[in-house]
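Visitor: This structure is in structure tokens; I'll ask about it shortly.
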Amino acid sequence: MNLHERRERHERRSRRNLRRASALGLIAAGVMAVAGTATAVPASASGSAPSSAKASTLGAQAAQSGRYFGAAVAAGKLGDSTYSTILDREFNMVTPENEMKWDTTERSRGSFNFGPADQIVNRALSRGQRVRGHTLVWHSQLPGWVSSIGDANTLRSVMNNHITTQMAHYKGKVYAWDVVNEAFADGGSGQHRPSVFQNLLGDGFIEQAFRTARSADPAAKLCYNDYNIENWSDAKTQGVYRMVRDFTSRGVPIDCVGFQAHFGTGGPPASFQTTLANFAALGVDVQITELDIAQAPTTAYANTVKACMNVARCAGITVWGIRDTDSWRAGENPLLFNGSGNKKPAYNATLTALGGTPAARATASPASPASSASPAASLPSSFRWSSSGSLIAPKSDATHNIAGLKDPTVVYHNGKWHVFASVASSSGY
Ligand code: 9MR
């Protein structure tokens, strides 16, 4: 075998291993990622999975296009076997619904309680699910001792300490953090909302929070997360867009924007995909972070999922709860499973929009070779490229300042995942 053949074989194997590890959700945050890993997608199947094998669960199907499908999880429900069975079957990303909020993790100054969140995080990681951290700086679910702070210096040091301590505790375990949540005002101002952070620290509090977060865990993705920013022309959307554009242009660390997507029965606004694409064009990932839709209409769910599938940097979707009865909007039955844990029509619509096949059809026997067209005839005639976003990122240490990584090969050995790759620093390979 000559050098060229050996190299081709190595590259084929690398790609295969990467796809396999990503499909299993095994590339954890804190390991690493190559920016812009590209997947060929038939031009005719906009946003659909490159693999011909259709999966029958949300997480597995999302993984086929390099995305995740997650759910908000409550620690107190993990003992409910209907709940945990669905969680482990369908989802490969988990967001603690309330357990990482300030009023739980630092109820009194300097005294941290990570017990309830640890329960969710450790359980998820042991099952190969990843975790979104929600949330570090938010005006709501904020203990009184913080909101009653009266001077800027105290608040700055309290905020930085909260971010640093919480992120240090979960270092290497959290894929993405909602560093700042819901800082923009509703209505037509496009400005920040009043809060103790805004009032004492001014507009710069968000930048401060992101800079502190980057130092605390350089490998975690840092997101700004908000609701009612899905419609492109809304003043609130425009305000957040201006902030992200400003951050990326000045090098303020931000990696992603979370669109909560709490929708009414009509589902997403017509411009939702445009909004996702415009933010992504700034060089950040976009994520749907808290999806629920009043009455869960199938079309509304399908349209939401398609908007994400059609934007290469839409990294994944999280629904805000598992069964309707688990939802903060339980009266509106907005989720994918009913109170008994059965799949609703919106579930099938979601799976199909992800490129998958609902279970009943997935088990149908394949067409016999005699009755099907020749394989070549069913191949698409053109392809376009769709980037999954980062799968593996280099991790620098004291002696290696790594700028990039090439041809990663993922190997499981003795209970650990190992990544072999060529790495480059700014001076060369
Ligand atoms: O679902 C959460 C609910 O259990 C809490 O009581 C509520 C408290 O504010 O927060 C809910 O989650 C919110 C999320 O943290 C931020 N975006 C809006 C969500 C729904 O209110």
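By convention here, the chains of the structure tokens are called A, B, ... in the order presented, each chain's residues are numbered starting at 1, and ligands are numbered starting at 1 in the order presented.
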List all protein, DNA and RNA residues that have an atom no more than 6 Å from any atom of ligand 1, counting only C-alpha atoms and all ligand atoms, and report them as a ChimeraX atom specification.
Guide: /A:97,141,328
Visitor: In Å to one decimal, how far is atom CA of Ala176 of chain A from atom CA of Arg313 of chain A?
Guide: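 Distance reported for this atom pair: 14.4 Å.
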Visitor: When you look at segment 216-219 of chain A with a cut-off of 10 Å (counting only C-alpha atoms), what residues show up, excluding the ones that are within fewer than 5 positions of it in the same chain? I need them as a list of chain:residue names.
Guide: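 In the requested form, the answer reads A:Ala29, A:Gly30, A:Val31, A:Met32, A:Ala33, A:Asn160, A:Asn161, A:Ile163, A:Thr164, A:Thr165, A:Gln166, A:Met167, A:Ala168, A:His169, A:Tyr170, A:Lys171, A:Gly172, A:Lys173, A:Val174, A:Tyr175, A:Ala176, A:Trp177, A:Phe210, A:Arg211, A:Pro253, A:Ala393, A:Pro394, A:Lys395, A:Ser396.
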Visitor: Would you put the residues from that selection into a file with N, CA and C atoms, as a short mmCIF file (atom, residue, chain, number, x, y, z; two decimals), in the first residue's frame?
Guide:
data_model
loop_
_atom_site.label_atom_id
_atom_site.label_comp_id
_atom_site.auth_asym_id
_atom_site.auth_seq_id
_atom_site.Cartn_x
_atom_site.Cartn_y
_atom_site.Cartn_z
N ALA A 29 -18.15 17.50 26.05
CA ALA A 29 -17.55 18.82 26.19
C ALA A 29 -16.29 18.63 27.01
N GLY A 30 -15.33 19.47 26.80
CA GLY A 30 -14.13 19.33 27.60
C GLY A 30 -13.16 18.38 26.96
N VAL A 31 -13.59 17.58 26.02
CA VAL A 31 -12.61 16.79 25.29
C VAL A 31 -12.02 17.73 24.25
N MET A 32 -12.77 18.10 23.26
CA MET A 32 -12.19 18.90 22.17
C MET A 32 -13.11 19.15 20.98
N ALA A 33 -12.75 19.68 19.83
CA ALA A 33 -13.60 19.80 18.61
C ALA A 33 -13.00 20.51 17.43
N ASN A 160 -18.92 37.50 39.74
CA ASN A 160 -17.77 36.76 39.22
C ASN A 160 -17.51 35.49 40.02
N ASN A 161 -17.66 35.59 41.33
CA ASN A 161 -17.42 34.42 42.18
C ASN A 161 -18.47 33.33 41.92
N ILE A 163 -20.12 32.79 39.08
CA ILE A 163 -19.82 32.18 37.78
C ILE A 163 -18.63 31.24 37.91
N THR A 164 -17.57 31.74 38.52
CA THR A 164 -16.33 30.97 38.60
C THR A 164 -16.51 29.69 39.41
N THR A 165 -17.19 29.81 40.55
CA THR A 165 -17.33 28.64 41.43
C THR A 165 -18.22 27.58 40.77
N GLN A 166 -19.32 28.02 40.19
CA GLN A 166 -20.24 27.05 39.58
C GLN A 166 -19.61 26.40 38.35
N MET A 167 -18.96 27.19 37.52
CA MET A 167 -18.35 26.61 36.32
C MET A 167 -17.16 25.71 36.67
N ALA A 168 -16.43 26.08 37.72
CA ALA A 168 -15.29 25.24 38.13
C ALA A 168 -15.82 23.89 38.61
N HIS A 169 -16.93 23.89 39.31
CA HIS A 169 -17.49 22.63 39.82
C HIS A 169 -17.85 21.69 38.67
N TYR A 170 -18.31 22.27 37.57
CA TYR A 170 -18.76 21.44 36.44
C TYR A 170 -17.78 21.44 35.27
N LYS A 171 -16.56 21.87 35.54
CA LYS A 171 -15.59 21.97 34.45
C LYS A 171 -15.43 20.63 33.73
N GLY A 172 -15.52 20.68 32.41
CA GLY A 172 -15.38 19.45 31.63
C GLY A 172 -16.66 18.63 31.56
N LYS A 173 -17.69 19.05 32.27
CA LYS A 173 -18.93 18.25 32.29
C LYS A 173 -20.08 18.92 31.57
N VAL A 174 -19.94 20.21 31.30
CA VAL A 174 -21.05 20.94 30.69
C VAL A 174 -20.68 21.37 29.27
N TYR A 175 -21.52 21.01 28.33
CA TYR A 175 -21.28 21.31 26.91
C TYR A 175 -21.43 22.80 26.65
N ALA A 176 -22.49 23.40 27.18
CA ALA A 176 -22.73 24.83 26.94
C ALA A 176 -23.42 25.43 28.16
N TRP A 177 -23.03 26.65 28.49
CA TRP A 177 -23.66 27.37 29.60
C TRP A 177 -24.52 28.51 29.09
N PHE A 210 -19.48 37.12 30.53
CA PHE A 210 -18.92 36.22 29.52
C PHE A 210 -17.40 36.11 29.65
N ARG A 211 -16.73 37.21 29.95
CA ARG A 211 -15.27 37.14 30.10
C ARG A 211 -14.90 36.27 31.29
N PRO A 253 -15.83 36.98 24.38
CA PRO A 253 -16.11 35.55 24.14
C PRO A 253 -17.60 35.22 24.20
N ALA A 393 -12.59 19.67 19.81
CA ALA A 393 -11.83 20.90 19.92
C ALA A 393 -10.51 20.64 20.63
N PRO A 394 -9.45 21.32 20.19
CA PRO A 394 -8.16 21.09 20.84
C PRO A 394 -8.16 21.64 22.27
N LYS A 395 -7.43 20.96 23.11
CA LYS A 395 -7.33 21.41 24.50
C LYS A 395 -5.86 21.72 24.76
N SER A 396 -5.55 22.96 25.01
CA SER A 396 -4.16 23.34 25.22
C SER A 396 -3.73 22.97 26.64
#
Visitor: Which residues are close to segment 144-151 of chain A, i.e. within 10 Å by only C-alpha atoms, leaving aside same-chain residues fewer than 6 positions away? Reply as a CSV table (one decimal) with C-alpha atoms, in the first residue's frame.
Guide:
chain,number,residue,atom,x,y,z
A,102,TRP,CA,-28.7,30.9,41.7
A,103,ASP,CA,-31.5,30.4,44.3
A,106,GLU,CA,-25.9,29.8,46.2
A,107,ARG,CA,-28.8,30.5,48.5
A,108,SER,CA,-26.6,32.4,50.9
A,109,ARG,CA,-23.4,34.2,50.0
A,158,VAL,CA,-20.3,38.3,43.9
A,159,MET,CA,-21.3,37.8,40.3
A,195,SER,CA,-32.2,44.3,37.2
A,196,VAL,CA,-29.8,44.5,40.0
A,197,PHE,CA,-27.0,43.7,37.6
A,199,ASN,CA,-28.8,48.9,37.6
A,200,LEU,CA,-25.5,48.7,39.4
A,201,LEU,CA,-23.0,47.5,36.8
Visitor: Please, what distance in Å, to one decimal, runs between atom CA of Asn228 of chain A and atom CA of Ala302 of chain A?
Guide: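 One can read the atom CA of Asn228 of chain A to atom CA of Ala302 of chain A distance as 18.9 Å.
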Visitor: Taking into account only C-alpha atoms, which residue in the set A:Gly415, A:Pro334, A:Gly283, A:Gly339 is nearest to Phe263 of chain A?
Guide: A:Pro334
Visitor: So which one's closest to Cys314 of chain A, A:Val94, A:Ile402, A:Ala277, A:Leu282? Using only C-alpha atoms, please.
Guide: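 Checking each of A:Val94, A:Ile402, A:Ala277, A:Leu282 against Cys314 of chain A, counting only C-alpha atoms, the winner is A:Ala277.
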